[in-house]
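J.: This is the content of final12.txt (compact mmCIF, C-alpha atoms and all ligand atoms):
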# COMPACT_ATOMS: atom_id res chain seq x y z
CA MET W 772 69.35 24.05 -53.75
CA HIS W 773 67.53 25.79 -50.99
CA LEU W 774 66.73 23.12 -48.47
CA HIS W 775 64.54 24.99 -46.06
CA GLN W 776 61.41 25.35 -48.06
CA LEU W 777 58.72 25.07 -45.42
CA PRO W 778 57.93 28.55 -44.20
CA ARG W 779 57.40 29.76 -40.74
CA PRO W 780 53.73 30.55 -40.24
CA ARG W 781 52.88 33.95 -41.57
CA LEU W 782 51.41 36.01 -38.81
CA VAL W 783 48.41 37.75 -40.21
CA ARG W 784 45.98 39.52 -37.98
CA ARG W 785 42.43 39.30 -39.12
CA PRO W 786 39.44 41.04 -37.60
CA GLY W 787 38.31 39.15 -34.55
CA LEU W 788 41.34 36.90 -34.48
CA ALA W 789 43.91 39.22 -32.99
CA LEU W 790 45.19 38.24 -29.59
CA PRO W 791 44.15 40.73 -26.95
CA ARG W 792 46.88 43.17 -26.18
CA PRO W 793 48.09 42.80 -22.62
CA ARG W 794 46.57 45.48 -20.49
CA PRO W 795 48.54 47.60 -18.10
CA VAL W 796 47.29 46.52 -14.70
CA ARG W 797 48.06 47.30 -11.12
CA ALA W 798 50.46 44.40 -11.01
CA ALA W 799 52.76 46.36 -13.28
CA ALA W 800 52.83 49.13 -10.76
CA ALA W 801 53.49 46.57 -8.04
CA LEU W 802 56.46 45.38 -10.03
CA VAL W 803 58.02 48.77 -9.93
CA VAL W 804 57.62 48.88 -6.19
CA ALA W 805 59.08 45.43 -5.70
CA LEU W 806 61.90 45.95 -8.16
CA GLY W 807 62.61 49.56 -7.51
CA GLY W 808 66.30 48.89 -7.43
CA CYS W 809 66.41 47.33 -10.88
CA SER W 810 68.28 49.60 -13.21
CA ALA W 811 66.18 48.45 -16.11
CA TRP W 812 63.26 50.17 -14.51
CA SER W 813 64.78 53.19 -12.93
CA GLU W 814 64.24 55.35 -15.97
CA ARG W 815 60.80 54.10 -16.81
CA PRO W 816 58.35 56.98 -17.01
CA PRO W 817 55.31 56.84 -14.78
CA THR W 818 52.22 55.28 -16.28
CA ALA W 819 49.54 57.56 -15.03
CA ASP W 820 46.79 55.82 -16.95
CA ALA W 821 47.75 52.26 -16.08
CA SER W 822 45.14 51.83 -13.37
CA ALA W 823 42.37 52.89 -15.71
CA ASP W 824 42.62 49.61 -17.57
CA ARG W 825 42.78 47.30 -14.60
CA THR W 826 40.38 44.41 -14.51
CA LEU W 827 39.23 42.61 -11.38
CA ASP W 828 39.47 39.16 -12.97
CA ASP W 829 43.13 39.44 -13.86
CA PRO W 830 44.91 36.91 -11.61
CA LEU W 831 47.97 39.12 -11.53
CA GLU W 832 45.84 41.59 -9.57
CA ASN W 833 45.87 39.11 -6.71
CA VAL W 834 49.64 38.82 -6.38
CA PRO W 835 50.27 40.60 -3.10
CA PHE W 836 52.55 43.60 -3.09
CA ASP W 837 54.80 41.83 -0.60
CA ALA W 838 55.04 38.57 -2.56
CA PRO W 839 58.51 37.04 -2.72
CA VAL W 840 60.96 38.42 -5.25
CA ILE W 841 63.43 36.16 -7.02
CA ASP W 842 66.60 37.85 -8.13
CA GLU W 843 68.02 35.89 -11.02
CA ALA W 844 71.46 34.34 -10.63
CA GLU W 845 73.39 32.44 -13.26
CA PRO W 846 73.73 29.66 -14.15
CA ASN W 847 70.10 28.92 -14.78
CA ASP W 848 70.33 28.11 -18.47
CA ASP W 849 69.00 24.56 -18.69
CA PHE W 850 66.47 22.25 -17.17
CA ASP W 851 69.04 20.70 -14.86
CA ALA W 852 69.67 24.01 -13.13
CA PRO W 853 66.63 26.24 -12.97
CA LEU W 854 66.28 28.76 -10.21
CA SER W 855 63.89 27.18 -7.75
CA ALA W 856 60.94 29.01 -6.34
CA PRO W 857 58.56 26.38 -4.96
CA THR W 858 59.30 27.01 -1.31
CA LEU W 859 58.77 30.71 -1.80
CA ARG W 860 55.58 30.79 -3.73
CA SER W 861 52.11 31.24 -2.37
CA SER W 862 49.63 32.96 -4.60
CA GLY W 863 52.37 34.55 -6.62
CA LEU W 864 55.84 35.91 -6.89
CA PHE W 865 57.96 38.43 -8.70
CA ILE W 866 61.12 37.83 -10.70
CA ASN W 867 63.88 40.28 -11.44
CA GLY W 868 66.05 38.96 -14.25
CA GLY W 869 68.04 39.78 -17.30
CA LEU W 870 69.35 38.24 -20.52
CA SER W 871 73.03 38.95 -20.83
CA ASP W 872 73.35 37.94 -24.48
CA TRP W 873 71.35 36.36 -27.29
CA ALA W 874 72.18 32.79 -26.19
CA ASP W 875 71.19 33.33 -22.56
CA VAL W 876 68.11 31.43 -21.41
CA ASP W 877 66.72 31.96 -17.92
CA LEU W 878 64.80 29.12 -16.28
CA TYR W 879 62.71 29.35 -13.14
CA SER W 880 61.25 26.33 -11.40
CA LEU W 881 57.79 27.39 -10.28
CA GLY W 882 56.99 24.18 -8.42
CA PRO W 883 54.19 21.63 -8.75
CA VAL W 884 50.90 22.46 -10.42
CA GLU W 885 47.81 20.30 -10.03
CA ALA W 886 45.38 19.64 -12.86
CA GLY W 887 43.12 22.65 -13.03
CA GLY W 888 45.84 24.93 -11.72
CA ARG W 889 46.48 28.06 -13.73
CA VAL W 890 49.82 29.80 -14.06
CA THR W 891 49.75 33.36 -15.35
CA VAL W 892 52.94 35.23 -16.15
CA ARG W 893 53.44 38.79 -17.23
CA ILE W 894 56.92 40.00 -18.17
CA ASP W 895 57.66 43.64 -18.75
CA ALA W 896 60.82 44.95 -20.32
CA PRO W 897 62.10 48.19 -21.79
CA ALA W 898 61.07 48.95 -25.35
CA ASP W 899 64.39 47.80 -26.82
CA VAL W 900 64.34 44.37 -25.14
CA HIS W 901 62.63 41.77 -27.33
CA LEU W 902 61.90 38.70 -25.22
CA GLN W 903 60.01 35.51 -25.62
CA ALA W 904 58.80 33.31 -22.80
CA ALA W 905 57.40 29.82 -22.36
CA LEU W 906 56.07 27.44 -19.74
CA PHE W 907 57.23 23.81 -19.69
CA ASP W 908 56.11 20.78 -17.69
CA ASP W 909 58.36 18.46 -15.71
CA ARG W 910 59.17 16.47 -18.87
CA GLU W 911 60.64 19.60 -20.50
CA VAL W 912 57.61 19.64 -22.78
CA LEU W 913 56.23 22.98 -23.94
CA LEU W 914 52.88 24.08 -22.52
CA THR W 915 52.58 27.57 -23.97
CA ALA W 916 54.86 30.22 -25.44
CA ALA W 917 54.61 33.82 -26.60
CA ARG W 918 56.75 36.65 -27.88
CA SER W 919 56.71 40.11 -26.44
CA SER W 920 54.81 42.91 -28.09
CA THR W 921 54.73 46.63 -27.69
CA SER W 922 52.98 47.83 -24.56
CA PRO W 923 52.34 51.27 -23.13
CA ILE W 924 55.37 50.89 -20.88
CA GLY W 925 57.79 49.13 -23.24
CA ARG W 926 57.42 45.52 -24.30
CA THR W 927 55.28 42.91 -22.60
CA VAL W 928 54.73 39.18 -22.91
CA THR W 929 51.89 37.39 -21.15
CA LEU W 930 51.49 33.65 -20.64
CA SER W 931 48.49 31.87 -19.20
CA HIS W 932 48.12 28.14 -18.96
CA VAL W 933 45.68 25.83 -17.21
CA ALA W 934 47.30 22.47 -16.46
CA ARG W 935 45.36 19.63 -18.06
CA THR W 936 47.23 17.12 -15.94
CA SER W 937 49.21 17.48 -12.73
CA MET W 938 52.93 18.08 -12.97
CA ASN W 939 55.70 17.91 -10.41
CA ASP W 940 57.22 21.12 -11.67
CA CYS W 941 56.27 23.93 -14.00
CA VAL W 942 59.25 25.75 -15.48
CA LEU W 943 59.21 29.32 -16.77
CA ALA W 944 61.79 30.06 -19.45
CA VAL W 945 62.77 33.47 -20.80
CA ALA W 946 64.90 33.87 -23.92
CA ALA W 947 65.77 36.34 -26.62
CA GLN W 948 63.69 36.30 -29.76
CA SER W 949 65.65 34.58 -32.46
CA ALA W 950 65.20 37.41 -34.91
CA ARG W 951 66.15 40.04 -32.33
CA ARG W 952 69.22 38.50 -30.87
CA ASN W 953 70.87 41.71 -29.81
CA ALA W 954 67.77 43.10 -28.17
CA VAL W 955 68.46 41.70 -24.72
CA GLY W 956 68.52 43.23 -21.26
CA GLY W 957 66.64 43.32 -17.99
CA TYR W 958 63.07 42.31 -17.36
CA ALA W 959 60.61 42.06 -14.51
CA ALA W 960 58.02 39.31 -14.19
CA ALA W 961 54.95 38.75 -12.08
CA VAL W 962 53.66 35.19 -11.66
CA ALA W 963 50.22 34.28 -10.33
CA PHE W 964 49.01 30.84 -9.26
CA GLU W 965 45.39 29.77 -9.05
CA SER W 966 43.82 26.40 -8.36
CA ASP W 967 40.61 24.65 -9.32
CA VAL W 968 40.16 26.54 -12.55
CA ALA W 969 37.80 24.85 -14.98
CA LEU W 970 39.79 22.67 -17.35
CA PRO W 971 39.66 23.87 -20.94
CA THR W 972 37.57 21.51 -23.01
CA ALA W 973 38.79 19.96 -26.21
CA ALA W 974 36.58 20.46 -29.25
CA ALA W 975 36.54 18.23 -32.32
CA GLN W 976 37.79 19.93 -35.46
CA THR W 977 36.92 19.55 -39.11
CA VAL W 978 39.80 20.17 -41.48
CA VAL W 979 38.94 20.54 -45.14
CA LEU W 980 41.51 19.71 -47.79
CA ASN W 981 40.25 21.88 -50.61
CA PHE W 982 41.32 20.56 -53.99
CA ALA W 983 38.67 22.58 -55.88
CA GLY W 984 40.56 25.86 -56.07
CA ALA W 985 39.77 29.19 -54.42
CA GLU W 986 39.37 32.83 -55.32
CA PRO W 987 40.64 35.69 -53.17
CA HIS W 988 38.11 35.76 -50.35
CA GLY W 989 39.48 37.63 -47.34
CA ASP W 990 40.38 41.16 -46.45
CA ASP W 991 44.13 40.70 -46.09
CA ASP W 992 47.17 39.64 -48.05
CA PHE W 993 47.02 36.12 -46.70
CA THR W 994 43.69 35.22 -48.28
CA ASP W 995 44.26 37.38 -51.35
CA ARG W 996 45.41 34.42 -53.43
CA THR W 997 43.95 32.68 -56.45
CA VAL W 998 44.35 28.91 -56.10
CA ALA W 999 43.94 26.72 -59.18
CA PRO W 1000 42.05 23.43 -58.80
CA PHE W 1001 44.46 20.63 -57.93
CA ASP W 1002 46.11 19.25 -61.07
CA ALA W 1003 49.12 16.98 -60.68
CA SER W 1004 50.44 18.12 -64.07
CA ASP W 1005 51.20 21.46 -62.40
CA ILE W 1006 54.02 19.55 -60.66
CA SER W 1007 55.17 17.61 -63.71
CA PRO W 1008 53.56 16.50 -66.97
CA GLN W 1009 54.40 12.92 -66.03
CA PHE W 1010 51.74 13.05 -63.28
CA GLY W 1011 49.05 14.41 -65.60
CA GLY W 1012 46.91 11.29 -65.50
CA LEU W 1013 47.33 10.69 -61.79
CA THR W 1014 45.61 13.76 -60.33
CA ASP W 1015 42.77 11.85 -58.66
CA ASP W 1016 45.04 9.04 -57.43
CA ILE W 1017 47.53 11.46 -55.87
CA ARG W 1018 44.73 13.49 -54.34
CA ASP W 1019 43.13 10.42 -52.76
CA LEU W 1020 46.44 9.25 -51.35
CA VAL W 1021 47.11 12.70 -49.89
CA VAL W 1022 43.76 12.57 -48.10
CA ALA W 1023 44.44 9.07 -46.78
CA LEU W 1024 47.90 10.04 -45.54
CA VAL W 1025 46.68 13.16 -43.74
CA ARG W 1026 43.98 11.05 -42.09
CA ASP W 1027 46.73 8.68 -40.97
CA GLN W 1028 48.69 11.58 -39.49
CA TYR W 1029 45.71 12.55 -37.33
CA ALA W 1030 44.50 9.01 -36.54
CA GLY W 1031 43.24 8.72 -32.98
CA LEU W 1032 42.44 12.41 -32.75
CA ALA W 1033 39.06 14.08 -33.17
CA VAL W 1034 40.10 15.67 -36.43
CA ASP W 1035 37.73 14.96 -39.29
CA VAL W 1036 39.72 15.31 -42.51
CA VAL W 1037 37.32 16.09 -45.34
CA ALA W 1038 38.20 16.47 -49.02
CA TRP W 1039 36.52 19.03 -51.26
CA THR W 1040 36.81 18.14 -54.93
CA GLU W 1041 34.05 20.45 -56.15
CA PRO W 1042 33.39 24.05 -55.16
CA ILE W 1043 30.77 24.09 -52.40
CA PRO W 1044 29.48 26.77 -50.02
CA TRP W 1045 31.95 27.50 -47.29
CA PRO W 1046 30.60 26.20 -43.95
CA ASP W 1047 31.27 27.88 -40.63
CA GLY W 1048 33.64 26.58 -38.04
CA VAL W 1049 36.00 24.57 -40.21
CA SER W 1050 39.63 25.08 -41.06
CA VAL W 1051 40.54 24.89 -44.73
CA VAL W 1052 43.82 23.87 -46.33
CA HIS W 1053 43.83 24.89 -49.97
CA VAL W 1054 45.85 22.47 -52.11
CA GLY W 1055 46.54 23.82 -55.59
CA ALA W 1056 48.83 25.89 -57.75
CA VAL W 1057 49.42 29.53 -56.81
CA ASP W 1058 51.64 31.05 -59.45
CA ASP W 1059 53.80 33.50 -57.57
CA GLU W 1060 54.74 31.24 -54.69
CA TYR W 1061 58.00 29.38 -54.18
CA LEU W 1062 57.27 28.07 -50.71
CA LEU W 1063 55.69 24.66 -50.31
CA GLY W 1064 53.02 25.86 -47.96
CA VAL W 1065 52.00 28.42 -45.38
CA GLY W 1066 49.66 28.46 -42.42
CA GLU W 1067 47.74 31.41 -41.10
CA HIS W 1068 49.27 31.30 -37.64
CA VAL W 1069 50.22 29.05 -34.74
CA ASP W 1070 46.75 28.78 -33.23
CA GLU W 1071 47.69 27.56 -29.77
CA TYR W 1072 45.26 24.89 -28.51
CA ASN W 1073 43.08 25.60 -31.57
CA ALA W 1074 41.49 28.71 -30.10
CA ASP W 1075 40.12 29.57 -33.55
CA PRO W 1076 38.32 26.67 -35.29
CA ALA W 1077 38.24 28.48 -38.64
CA ASP W 1078 41.79 29.01 -39.82
CA GLU W 1079 43.28 28.67 -43.28
CA ALA W 1080 46.45 27.36 -44.85
CA PHE W 1081 47.80 26.86 -48.35
CA VAL W 1082 49.81 24.11 -50.02
CA PHE W 1083 51.39 25.54 -53.16
CA VAL W 1084 51.30 22.57 -55.50
CA ASP W 1085 53.32 24.05 -58.37
CA ALA W 1086 56.21 24.59 -55.95
CA PHE W 1087 56.52 20.81 -55.67
CA ALA W 1088 58.17 20.85 -59.11
CA GLN W 1089 61.39 21.48 -57.20
CA PHE W 1090 61.29 17.81 -56.11
CA MET W 1091 61.48 16.56 -59.69
CA PRO W 1092 65.30 16.46 -59.91
CA LEU W 1093 65.09 13.77 -57.20
CA GLY W 1094 63.03 11.54 -59.50
CA PRO W 1095 60.00 11.10 -57.23
CA SER W 1096 57.23 8.65 -57.97
CA ALA W 1097 53.59 9.64 -57.75
CA ASP W 1098 53.56 8.01 -54.29
CA ASP W 1099 56.48 10.16 -53.23
CA ILE W 1100 54.80 13.34 -54.42
CA ALA W 1101 51.60 12.42 -52.59
CA ILE W 1102 53.63 11.81 -49.43
CA ALA W 1103 55.32 15.20 -49.80
CA ILE W 1104 52.02 17.03 -50.33
CA ALA W 1105 50.51 15.20 -47.36
CA ASN W 1106 53.52 16.11 -45.22
CA VAL W 1107 53.10 19.79 -46.02
CA ALA W 1108 49.31 19.70 -45.63
CA GLY W 1109 49.65 17.93 -42.28
CA HIS W 1110 52.37 20.38 -41.21
CA GLU W 1111 50.29 23.46 -41.98
CA THR W 1112 47.27 21.86 -40.32
CA GLY W 1113 49.49 21.29 -37.28
CA HIS W 1114 50.11 25.04 -37.08
CA LEU W 1115 46.36 25.69 -37.27
CA LEU W 1116 45.91 23.34 -34.30
CA GLY W 1117 48.64 24.98 -32.24
CA LEU W 1118 51.92 23.25 -33.09
CA ARG W 1119 55.24 24.97 -33.55
CA HIS W 1120 58.30 23.85 -35.47
CA THR W 1121 60.37 20.95 -34.20
CA VAL W 1122 63.57 19.27 -35.35
CA GLY W 1123 63.80 15.73 -36.68
CA ALA W 1124 63.99 14.12 -40.09
CA GLY W 1125 60.79 12.19 -39.38
CA SER W 1126 58.94 15.07 -37.71
CA LEU W 1127 55.94 16.55 -39.48
CA MET W 1128 56.70 19.92 -37.91
CA ASP W 1129 60.35 19.94 -38.96
CA VAL W 1130 61.64 22.60 -41.34
CA SER W 1131 65.32 21.77 -41.26
CA ALA W 1132 65.54 18.54 -43.23
CA SER W 1133 66.33 18.11 -46.89
CA LEU W 1134 63.82 17.91 -49.70
CA GLY W 1135 64.53 14.19 -49.80
CA HIS W 1136 63.17 13.80 -46.29
CA VAL W 1137 59.96 15.54 -47.25
CA LEU W 1138 59.38 12.74 -49.79
CA ARG W 1139 59.22 10.26 -46.90
CA ALA W 1140 56.27 9.89 -44.56
CA ARG W 1141 56.59 11.98 -41.41
CA ALA W 1142 54.63 11.84 -38.18
CA PHE W 1143 53.76 13.66 -35.02
CA GLY W 1144 55.67 12.70 -31.92
CA VAL W 1145 57.72 14.21 -29.15
CA TRP W 1146 60.43 16.18 -30.86
CA PRO W 1147 62.91 18.86 -29.81
CA LEU W 1148 61.64 22.36 -30.48
CA ASP W 1149 63.23 24.14 -33.40
CA ALA W 1150 65.50 26.93 -32.14
CA GLU W 1151 63.39 29.45 -34.02
CA SER W 1152 60.39 28.29 -32.00
CA PHE W 1153 62.18 28.23 -28.64
CA PRO W 1154 65.82 27.45 -27.91
CA ILE W 1155 65.15 24.62 -25.43
CA GLY W 1156 62.56 21.95 -24.71
CA TYR W 1157 60.33 19.53 -26.55
CA GLN W 1158 56.91 19.55 -28.16
CA ASP W 1159 54.63 16.60 -27.32
CA GLU W 1160 52.53 16.81 -30.44
CA PRO W 1161 50.05 13.98 -29.78
CA ALA W 1162 49.35 15.34 -26.29
CA MET W 1163 49.06 18.94 -27.45
CA LEU W 1164 46.73 17.97 -30.28
CA ALA W 1165 44.64 15.81 -27.96
CA ALA W 1166 44.33 18.73 -25.53
CA ALA W 1167 43.09 20.92 -28.37
CA VAL W 1168 40.72 18.63 -30.28
CA GLY W 1169 40.30 15.53 -28.11
CA GLU W 1170 40.69 11.91 -29.06
CA ASN W 1171 38.52 9.97 -31.48
CA PRO W 1172 36.94 6.94 -29.79
CA ASP W 1173 36.18 5.41 -33.18
CA SER W 1174 39.81 5.54 -34.22
CA PRO W 1175 41.97 4.47 -31.30
CA PRO W 1176 45.33 6.12 -31.06
CA PRO W 1177 48.33 4.05 -32.09
CA GLU W 1178 50.38 2.30 -29.47
CA PHE W 1179 52.86 4.67 -27.94
CA ALA W 1180 56.42 3.92 -27.08
CA GLY W 1181 55.73 5.16 -23.60
CA VAL W 1182 58.87 7.20 -23.23
CA LEU W 1183 58.12 9.69 -20.49
CA SER W 1184 61.61 10.79 -19.55
CA LEU W 1185 63.05 12.69 -22.44
CA LYS W 1186 66.42 13.55 -21.06
CA GLY W 1187 69.08 12.01 -23.23
CA SER W 1188 66.64 9.75 -25.00
CA GLY W 1189 66.06 11.79 -28.11
CA ALA W 1190 62.68 11.97 -29.73
CA TRP W 1191 60.11 9.32 -30.37
CA THR W 1192 57.17 9.17 -32.70
CA ARG W 1193 53.69 7.88 -32.25
CA TRP W 1194 54.60 4.95 -34.49
CA PRO W 1195 57.49 3.34 -32.64
CA GLY W 1196 57.94 0.68 -35.29
CA GLY W 1197 58.29 3.21 -38.05
CA ILE W 1198 55.88 5.38 -39.94
CA PRO W 1199 53.36 3.40 -41.99
CA VAL W 1200 53.23 4.19 -45.66
CA ARG W 1201 50.50 3.28 -48.12
CA PRO W 1202 52.11 2.71 -51.50
CA LEU W 1203 49.77 3.99 -54.19
CA SER W 1204 51.24 1.97 -57.00
CA SER W 1205 51.06 -1.41 -55.30
CA CYS W 1206 47.80 -1.37 -53.42
CA GLY W 1207 46.00 1.95 -53.76
CA MET W 1208 43.60 3.19 -51.12
CA GLY W 1209 42.85 1.40 -47.92
CA CYS W 1210 45.66 -1.10 -47.68
CA GLY W 1211 47.68 -1.44 -44.55
CA GLY W 1212 51.07 -0.06 -43.82
CA ASP W 1213 53.33 -2.86 -44.94
CA GLU W 1214 56.25 -0.57 -45.62
CA THR W 1215 57.83 1.46 -42.89
CA LEU W 1216 60.40 4.16 -42.69
CA ASP W 1217 62.78 4.64 -39.87
CA PRO W 1218 61.41 7.90 -38.44
CA ALA W 1219 64.73 9.34 -37.45
CA GLY W 1220 67.41 7.06 -38.77
CA ARG W 1221 68.52 8.82 -41.89
CA GLU W 1222 70.07 12.22 -41.56
CA ASP W 1223 71.69 12.63 -44.97
ZN ZN I 1 55.67 25.59 -40.52
Would you put the structure from the file into structure tokens?
T.:
Amino acid sequence: MHLHQLPRPRLVRRPGLALPRPRPVRAAAALVVALGGCSAWSERPPTADASADRTLDDPLENVPFDAPVIDEAEPNDDFDAPLSAPTLRSSGLFINGGLSDWADVDLYSLGPVEAGGRVTVRIDAPADVHLQAALFDDREVLLTAARSSTSPIGRTVTLSHVARTSMNDCVLAVAAQSARRNAVGGYAAAVAFESDVALPTAAAQTVVLNFAGAEPHGDDDFTDRTVAPFDASDISPQFGGLTDDIRDLVVALVRDQYAGLAVDVVAWTEPIPWPDGVSVVHVGAVDDEYLLGVGEHVDEYNADPADEAFVFVDAFAQFMPLGPSADDIAIAIANVAGHETGHLLGLRHTVGAGSLMDVSASLGHVLRARAFGVWPLDAESFPIGYQDEPAMLAAAVGENPDSPPPEFAGVLSLKGSGAWTRWPGGIPVRPLSSCGMGCGGDETLDPAGRED
């Protein structure tokens, strides 16, 4: 049995949603000056038109030509041994580095960043070097990540992050893309630091769980799907009379997943006009799908409040050999719906049997309630570091004062401590068969205890 059924988010570019392509700016030319001895750049053709696209508000424009240059030296592969730059930095710096093989990860300690401080990084590499890069805080928690894309001078990856809270150290990490493991080599980075930038504001988000079906409605392959209205008999005939009960439990469980956050989970059970500014998760049978679900993209910090995802209900028939109850099936659907919603709000994949964003566990684990927490990043997302899901979600959508967040375990140092979830006593489960809607969580699951 194929045990990795949750898909990576399908990257679909839609009009108006595409990330802006990094522009060739003067900083790129400055890189060549500063790193003129780097063999990776010696054969780079001149970019005569680069200055034409320069913009005055690009912080990398302000990195002085004579800013310090860090020449990478191994080992700098983990958080215990990053190359340190804090004493060197002023308004910016340059880095001259290289990935020697697919497992190489280069870490650079950029020093403390106050709340409202912005770190901007641009990394240029030859066209055959496929990099990804990320910024982490001093807890080894991911702040932002991106993969390189084609640029006029090769491949480029740009990161920009405004610190919501102060940190003692911001760490830049550079790694090979997991799907392009042999495409490694030299790179050149420019890093700009600014202070007192306006903090990004969180905005409450409405997430619709659409059980009413959908017709093809977009202009791309992603939205070109016909979704049948939710019918539990599409999973198994034995659930034929439980469609409404399973649906209601799914809604309650997804609301539990996002408790404490300004995420309004709304259920559509009848076709209604599509409002603006909401994200929609379609929950229904889509005949030609074998995946459990798919999200439009990883929408970092919920930049787009109108994303879509699908939960392919008929694919849940693959759970039936495990003998699931209606409760179990509702939990599984809620896990996938909450997972795809997590992508739409900016979360990447993590690893942990109790993690909502996990894609490595068995089907049996998906039948158990999962939760957001601080989990190790999945290697496909980034080879090192953690994702603080409650914090990242709160930064994107804010907290809900009417629904206080659960008590946290308060684990701030992650080194060697493993992951924790937002429910330290276990993930609450509402059993449909014994109490129906609205009852408290009197059963719990160990969030990480069972690894079978
Ligand atoms: Zn996923």
J.: What's the separation between CA of Ala886 (chain W) and CA of Leu1116 (chain W), in Å to one decimal place?
T.: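 Distance reported for this atom pair: 21.8 Å.
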J.: For each of W:Val1069, W:Ile1102, W:Leu1062, W:Val1130, take the minimum atom-to-atom distance to Leu1148 (chain W), counting all atoms listed in the file, then give the residue where this is smallest.
T.: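 The closest residue to Leu1148 (chain W) is W:Val1130.
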J.: How many Å lie between CA of Glu885 (chain W) and CA of Ser966 (chain W), rounded to one decimal?
T.: 7.5 Å
J.: Within 12 Å of ligand ZN 1 (chain I), counting all atoms listed in the file: which residues, as a PDB file with C-alpha atoms, in the coordinates of the input?
T.:
ATOM      1  CA  HIS W 775      64.540  24.990 -46.060  1.00  0.00           C
ATOM      2  CA  GLN W 776      61.410  25.350 -48.060  1.00  0.00           C
ATOM      3  CA  LEU W 777      58.720  25.070 -45.420  1.00  0.00           C
ATOM      4  CA  PRO W 778      57.930  28.550 -44.200  1.00  0.00           C
ATOM      5  CA  ARG W 779      57.400  29.760 -40.740  1.00  0.00           C
ATOM      6  CA  PRO W 780      53.730  30.550 -40.240  1.00  0.00           C
ATOM      7  CA  ARG W 781      52.880  33.950 -41.570  1.00  0.00           C
ATOM      8  CA  LEU W 782      51.410  36.010 -38.810  1.00  0.00           C
ATOM      9  CA  LEU W1062      57.270  28.070 -50.710  1.00  0.00           C
ATOM     10  CA  LEU W1063      55.690  24.660 -50.310  1.00  0.00           C
ATOM     11  CA  GLY W1064      53.020  25.860 -47.960  1.00  0.00           C
ATOM     12  CA  VAL W1065      52.000  28.420 -45.380  1.00  0.00           C
ATOM     13  CA  GLY W1066      49.660  28.460 -42.420  1.00  0.00           C
ATOM     14  CA  GLU W1067      47.740  31.410 -41.100  1.00  0.00           C
ATOM     15  CA  HIS W1068      49.270  31.300 -37.640  1.00  0.00           C
ATOM     16  CA  VAL W1069      50.220  29.050 -34.740  1.00  0.00           C
ATOM     17  CA  ASP W1070      46.750  28.780 -33.230  1.00  0.00           C
ATOM     18  CA  ALA W1080      46.450  27.360 -44.850  1.00  0.00           C
ATOM     19  CA  PHE W1081      47.800  26.860 -48.350  1.00  0.00           C
ATOM     20  CA  VAL W1082      49.810  24.110 -50.020  1.00  0.00           C
ATOM     21  CA  ASN W1106      53.520  16.110 -45.220  1.00  0.00           C
ATOM     22  CA  VAL W1107      53.100  19.790 -46.020  1.00  0.00           C
ATOM     23  CA  ALA W1108      49.310  19.700 -45.630  1.00  0.00           C
ATOM     24  CA  GLY W1109      49.650  17.930 -42.280  1.00  0.00           C
ATOM     25  CA  HIS W1110      52.370  20.380 -41.210  1.00  0.00           C
ATOM     26  CA  GLU W1111      50.290  23.460 -41.980  1.00  0.00           C
ATOM     27  CA  THR W1112      47.270  21.860 -40.320  1.00  0.00           C
ATOM     28  CA  GLY W1113      49.490  21.290 -37.280  1.00  0.00           C
ATOM     29  CA  HIS W1114      50.110  25.040 -37.080  1.00  0.00           C
ATOM     30  CA  LEU W1115      46.360  25.690 -37.270  1.00  0.00           C
ATOM     31  CA  LEU W1116      45.910  23.340 -34.300  1.00  0.00           C
ATOM     32  CA  GLY W1117      48.640  24.980 -32.240  1.00  0.00           C
ATOM     33  CA  LEU W1118      51.920  23.250 -33.090  1.00  0.00           C
ATOM     34  CA  ARG W1119      55.240  24.970 -33.550  1.00  0.00           C
ATOM     35  CA  HIS W1120      58.300  23.850 -35.470  1.00  0.00           C
ATOM     36  CA  THR W1121      60.370  20.950 -34.200  1.00  0.00           C
ATOM     37  CA  VAL W1122      63.570  19.270 -35.350  1.00  0.00           C
ATOM     38  CA  SER W1126      58.940  15.070 -37.710  1.00  0.00           C
ATOM     39  CA  LEU W1127      55.940  16.550 -39.480  1.00  0.00           C
ATOM     40  CA  MET W1128      56.700  19.920 -37.910  1.00  0.00           C
ATOM     41  CA  ASP W1129      60.350  19.940 -38.960  1.00  0.00           C
ATOM     42  CA  VAL W1130      61.640  22.600 -41.340  1.00  0.00           C
ATOM     43  CA  SER W1131      65.320  21.770 -41.260  1.00  0.00           C
ATOM     44  CA  ASP W1149      63.230  24.140 -33.400  1.00  0.00           C
ATOM     45  CA  GLU W1151      63.390  29.450 -34.020  1.00  0.00           C
ATOM     46  CA  SER W1152      60.390  28.290 -32.000  1.00  0.00           C
TER      47      SER W1152
END
J.: Write out as a list of chain:residue names each polymer residue whose atoms come within 9 Å of Ile894 (chain W), counting only C-alpha atoms; drop sequence neighbours fewer than 4 positions from it.
T.: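 Skipping anything fewer than 4 positions along the chain leaves W:Ile866, W:Leu902, W:Ala904, W:Ser919, W:Arg926, W:Thr927, W:Val928, W:Thr929, W:Leu930, W:Tyr958, W:Ala959, W:Ala960, W:Ala961, W:Val962.
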J.: Can you work out the spacing between CA of Ala905 (chain W) and CA of Ala944 (chain W) in Å, to one decimal?
T.: 5.3 Å
J.: Choose the residue, out of W:Pro883, W:Pro987, W:Gly956, W:Pro835, that has the smallest atom-to-atom separation from Gly863 (chain W); count all atoms listed in the file.
T.: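 Of W:Pro883, W:Pro987, W:Gly956, W:Pro835, the one nearest Gly863 (chain W), counting all atoms listed in the file, is W:Pro835.
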J.: So which one's closest to Val912 (chain W), W:Val1168, W:Ile1104, W:Ala1162, W:Val892? Using only C-alpha atoms, please.
T.: W:Ala1162
